[in-house]
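Structure record follows, encoded as structure tokens.
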Amino acid sequence: MSEISPTQEFRVTGGALRLNDWGVMRAQGEEAAKFLHGQLTQDTVLQTPEQGRLAGYCSPKGRLLALMLAIKTGPEQLLLPLPAELLPATLKRLSMFVLRAKCKLSDASGELAVWGLAGTVAQTWLGAEAPAAIWGVSRRGEAAWVLRLPDAGTPRYVLIQDSEAEAPALPALSADDWAWLEVEAGLAWVRQPTVEQFVPQMLNLELLGGVNFQKGCYPGQEVVARSQYRGTVKRRTYLFETAGEASLGQEIFHSGDAEQPAGLVAAVARREGRSLLLAEVKLAALEAGSLHLGSAGGAALSLRPLPYAVGEPQ
């Protein structure tokens with residue numbers, strides 16, 4: 001399956017969007033970083049306030065229950081933005097394992113707002129407070145933080161600030177524009193339809209800096225490490241485009257096998273009758289034939305390049 005060049009490129013000029021479908025979990029206490037270090041795919045002990053983290057929370061079988069950001073706002077506090085639909089279950093499950101650790105977990109979504117900022121207009125507005133490196137964090141005033149996200153050419157940031165603070169002085173960014181930029185960047189967040197569907201490598205998490213293979217144990221660590229070092233990753237996430245209407249969690253089929261699905265839609269954006277999607281697929285399904293939405297006779301998928309190297313499908 002060869003890559004295509006899209007017939008039409010959408011240009012996003014940039015702006016700001018309040019991400020109302022996101023929430024913020026707070027971890028407080030002198031052992032907060034140590035506790036999270038033993039639960040997530042990332043090193044939160046050595047993390048500094050200038051370093052953000054992309055971190056997965058896995059089941060004992062190594063399947064992703066949630067994917068979140070981690071910002072260390074002080075020696076005894078971390079903020080963990082993630083999709084709001086997964087926050088209650090994630091908070092409840094993590095809280096079960098706190099036990100005697102000096103760490104308190106809470107839902108800070110009522111206090112803190114999550115904003116998505118994009119484009120050179122956002123970069124200019126942030127000025128010196130715009131982190132230069134991906135996953136870099138800068139403080140904005142006394143109680144706001146900016147984290148730089150991966151992108152495909154259009155700078156993207158997450159701003160965490162007081163829910164009552166003034167909105168960024170930027171043009172309004174539509175939810176469709178933000179979703180398009182998210183998918184183009186090659187980062188698929190775990191959502192309700194995709195909970196426990198993927199081990200981290202299936203979502204290219206380690207390629208995005210979301211897995212630390214040098215840190216200690218965490219739930220599912222053996223499965224994740226075995227997949228990495230034994231070369232058993234047989235499925236990866238790629239970027240596709242289609243004229244059809246794709247849905248999150250929708251199955252993908254190969255033209256040569258109408259019975260068994262070859263993949264799953266992990267993220268999707270729609271604009272003007274087109275869908276751009278990130279789909280986890282069997283590597284073997286990319287060697288020949290074609291991929292389709294919903295069934296072997298469904299809308300065809302065309303491969304598009306990701307902004308990072310996954311490995312070249314044949």
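Quick note on naming: the chains in the structure tokens go A, B, ... in the order shown, residues restart at 1 in each chain, and ligands are numbered from 1 in order of appearance.
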
For stretch 1-82 of chain A versus stretch 222-232 of chain A, which residues have an atom no more than 12 Å away, and what is each residue's nearest atom pair and distance in Å rounded to one decimal, using only C-alpha atoms, chain-then-number order, as CSV?
```
residue,atom,partner,partner_atom,distance
A:Leu40,CA,A:Val224,CA,11.8
A:Thr41,CA,A:Val224,CA,9.1
A:Gly56,CA,A:Val224,CA,11.0
A:Tyr57,CA,A:Val224,CA,11.6
A:Cys58,CA,A:Val224,CA,9.3
A:Ser59,CA,A:Val223,CA,10.1
A:Pro60,CA,A:Val223,CA,8.3
A:Lys61,CA,A:Val223,CA,6.6
A:Gly62,CA,A:Val223,CA,5.4
A:Arg63,CA,A:Val224,CA,8.8
A:Leu64,CA,A:Val224,CA,10.4
```

Would you mind listing, for every residue of stretch 92-165 of chain A within 10 Å of stretch 294-310 of chain A, the two atoms forming the shortest contact and the distance between them in Å to one decimal, using only C-alpha atoms, sorted by chain and ascending residue number, as CSV?
```
residue,atom,partner,partner_atom,distance
A:Pro150,CA,A:Pro307,CA,8.9
A:Asp151,CA,A:Pro307,CA,7.5
A:Ala152,CA,A:Pro307,CA,5.4
A:Gly153,CA,A:Pro307,CA,8.4
```

Need to verify the contact set: A:Gly127, 12 Å, only C-alpha atoms, exclusion of same-chain residues closer than 5 positions in sequence. Can you return it as a ChimeraX atom specification? /A:120-122,132,138,140,146

Could you check the closest approach to A:Leu181 for each of A:Gln42, A:Thr194, A:Gln123, A:Thr154 and tell me which residue wins, using only C-alpha atoms?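 Of the candidates, the smallest distance to A:Leu181 is held by A:Thr154.
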
Measuring between only C-alpha atoms, which one of A:Val268, A:Asp177, A:Val45, A:Phe253 shows the shortest distance to A:Arg156?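 Once distances to A:Arg156 are computed over only C-alpha atoms, the minimum belongs to A:Asp177.
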
May I ask which of the residues A:Leu78, A:Cys217, A:Ala269, A:Met202 is the closest one to A:Lys282, counting only C-alpha atoms? A:Met202

If we count only C-alpha atoms, what is near A:Ala66 at a cut-off of 8 Å, once residues fewer than 5 positions away on the same chain are taken out, given as a ChimeraX atom specification? /A:56-58,82,86,90,189-191,195

Go ahead and dump the residues you just picked, all heavy atoms, as a CSV table (one decimal), in the first residue's frame.
```csv
chain,number,residue,atom,x,y,z
A,56,GLY,N,1.1,6.5,29.8
A,56,GLY,CA,0.0,5.6,29.7
A,56,GLY,C,-0.3,4.9,31.0
A,56,GLY,O,0.7,4.7,31.8
A,57,TYR,N,-1.5,4.6,31.3
A,57,TYR,CA,-1.9,3.8,32.5
A,57,TYR,C,-2.5,2.5,31.9
A,57,TYR,O,-3.5,2.5,31.2
A,57,TYR,CB,-2.9,4.5,33.3
A,57,TYR,CG,-3.3,3.8,34.5
A,57,TYR,CD1,-2.4,3.1,35.3
A,57,TYR,CD2,-4.7,3.8,35.0
A,57,TYR,CE1,-2.8,2.5,36.5
A,57,TYR,CE2,-5.1,3.2,36.1
A,57,TYR,CZ,-4.1,2.5,36.9
A,57,TYR,OH,-4.5,1.9,38.1
A,58,CYS,N,-1.8,1.4,32.2
A,58,CYS,CA,-2.1,0.1,31.6
A,58,CYS,C,-2.8,-0.9,32.6
A,58,CYS,O,-2.6,-0.8,33.8
A,58,CYS,CB,-0.8,-0.6,31.1
A,58,CYS,SG,0.0,0.3,29.8
A,82,LEU,N,-6.4,14.7,31.0
A,82,LEU,CA,-6.8,13.6,30.3
A,82,LEU,C,-8.2,13.7,29.8
A,82,LEU,O,-8.9,14.6,30.4
A,82,LEU,CB,-6.6,12.3,31.0
A,82,LEU,CG,-7.6,11.9,32.2
A,82,LEU,CD1,-7.5,10.4,32.5
A,82,LEU,CD2,-7.3,12.7,33.4
A,86,LEU,N,-12.8,9.5,30.8
A,86,LEU,CA,-12.0,8.5,31.5
A,86,LEU,C,-11.5,8.8,32.8
A,86,LEU,O,-11.0,8.0,33.6
A,86,LEU,CB,-10.8,8.1,30.6
A,86,LEU,CG,-11.1,7.5,29.2
A,86,LEU,CD1,-9.8,7.1,28.5
A,86,LEU,CD2,-12.1,6.4,29.3
A,90,THR,N,-10.4,6.3,36.0
A,90,THR,CA,-8.9,6.3,36.2
A,90,THR,C,-8.6,6.7,37.6
A,90,THR,O,-7.8,6.1,38.3
A,90,THR,CB,-8.3,7.2,35.2
A,90,THR,OG1,-8.6,6.8,33.9
A,90,THR,CG2,-6.8,7.2,35.3
A,189,TRP,N,-5.5,9.7,21.4
A,189,TRP,CA,-5.8,9.5,22.8
A,189,TRP,C,-6.7,8.4,23.1
A,189,TRP,O,-7.6,8.1,22.2
A,189,TRP,CB,-6.5,10.8,23.4
A,189,TRP,CG,-5.6,12.0,23.3
A,189,TRP,CD1,-5.6,13.0,22.3
A,189,TRP,CD2,-4.5,12.3,24.1
A,189,TRP,NE1,-4.6,13.9,22.5
A,189,TRP,CE2,-3.9,13.5,23.6
A,189,TRP,CE3,-4.0,11.8,25.3
A,189,TRP,CZ2,-2.8,14.1,24.3
A,189,TRP,CZ3,-2.9,12.4,25.9
A,189,TRP,CH2,-2.3,13.5,25.4
A,190,VAL,N,-6.6,7.7,24.2
A,190,VAL,CA,-7.5,6.6,24.5
A,190,VAL,C,-8.8,7.2,24.9
A,190,VAL,O,-8.9,8.2,25.7
A,190,VAL,CB,-7.0,5.7,25.7
A,190,VAL,CG1,-8.0,4.7,26.1
A,190,VAL,CG2,-5.6,5.1,25.3
A,191,ARG,N,-9.9,6.8,24.3
A,191,ARG,CA,-11.2,7.2,24.6
A,191,ARG,C,-12.1,6.0,25.0
A,191,ARG,O,-11.6,4.9,25.0
A,191,ARG,CB,-11.8,7.9,23.4
A,191,ARG,CG,-11.1,9.2,22.9
A,191,ARG,CD,-11.4,10.4,23.8
A,191,ARG,NE,-10.9,11.6,23.3
A,191,ARG,CZ,-11.2,12.8,23.8
A,191,ARG,NH1,-12.2,12.9,24.7
A,191,ARG,NH2,-10.6,13.9,23.3
A,195,VAL,N,-10.8,1.8,25.2
A,195,VAL,CA,-10.2,1.4,26.5
A,195,VAL,C,-9.8,-0.1,26.4
A,195,VAL,O,-10.6,-0.9,25.9
A,195,VAL,CB,-11.1,1.7,27.7
A,195,VAL,CG1,-10.6,1.0,28.9
A,195,VAL,CG2,-11.3,3.2,27.9
```

Selection near A:Arg274, 10 Å with only C-alpha atoms, sequence-local residues under 3 positions removed, as a list in words: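 After dropping sequence-adjacent residues, the list is Glu241, Thr242, Ala243, Gly244, Glu245, Ala246, Ala269, Arg270, Arg271 and Leu277 of chain A.
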
Store the residues of this selection in a file with C-alpha atoms, as a short mmCIF file (atom, residue, chain, number, x, y, z; two decimals), in the first residue's frame.
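As written to disk, out_28.cif reads:
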```
data_model
loop_
_atom_site.label_atom_id
_atom_site.label_comp_id
_atom_site.auth_asym_id
_atom_site.auth_seq_id
_atom_site.Cartn_x
_atom_site.Cartn_y
_atom_site.Cartn_z
CA GLU A 241 -7.70 9.50 4.69
CA THR A 242 -11.10 8.50 3.32
CA ALA A 243 -14.14 10.02 1.70
CA GLY A 244 -16.28 7.94 4.07
CA GLU A 245 -17.56 8.76 7.55
CA ALA A 246 -15.24 7.06 10.01
CA ALA A 269 -11.35 14.11 12.38
CA ARG A 270 -13.90 15.20 9.79
CA ARG A 271 -14.01 18.19 7.48
CA LEU A 277 -8.04 9.04 10.89
#
```
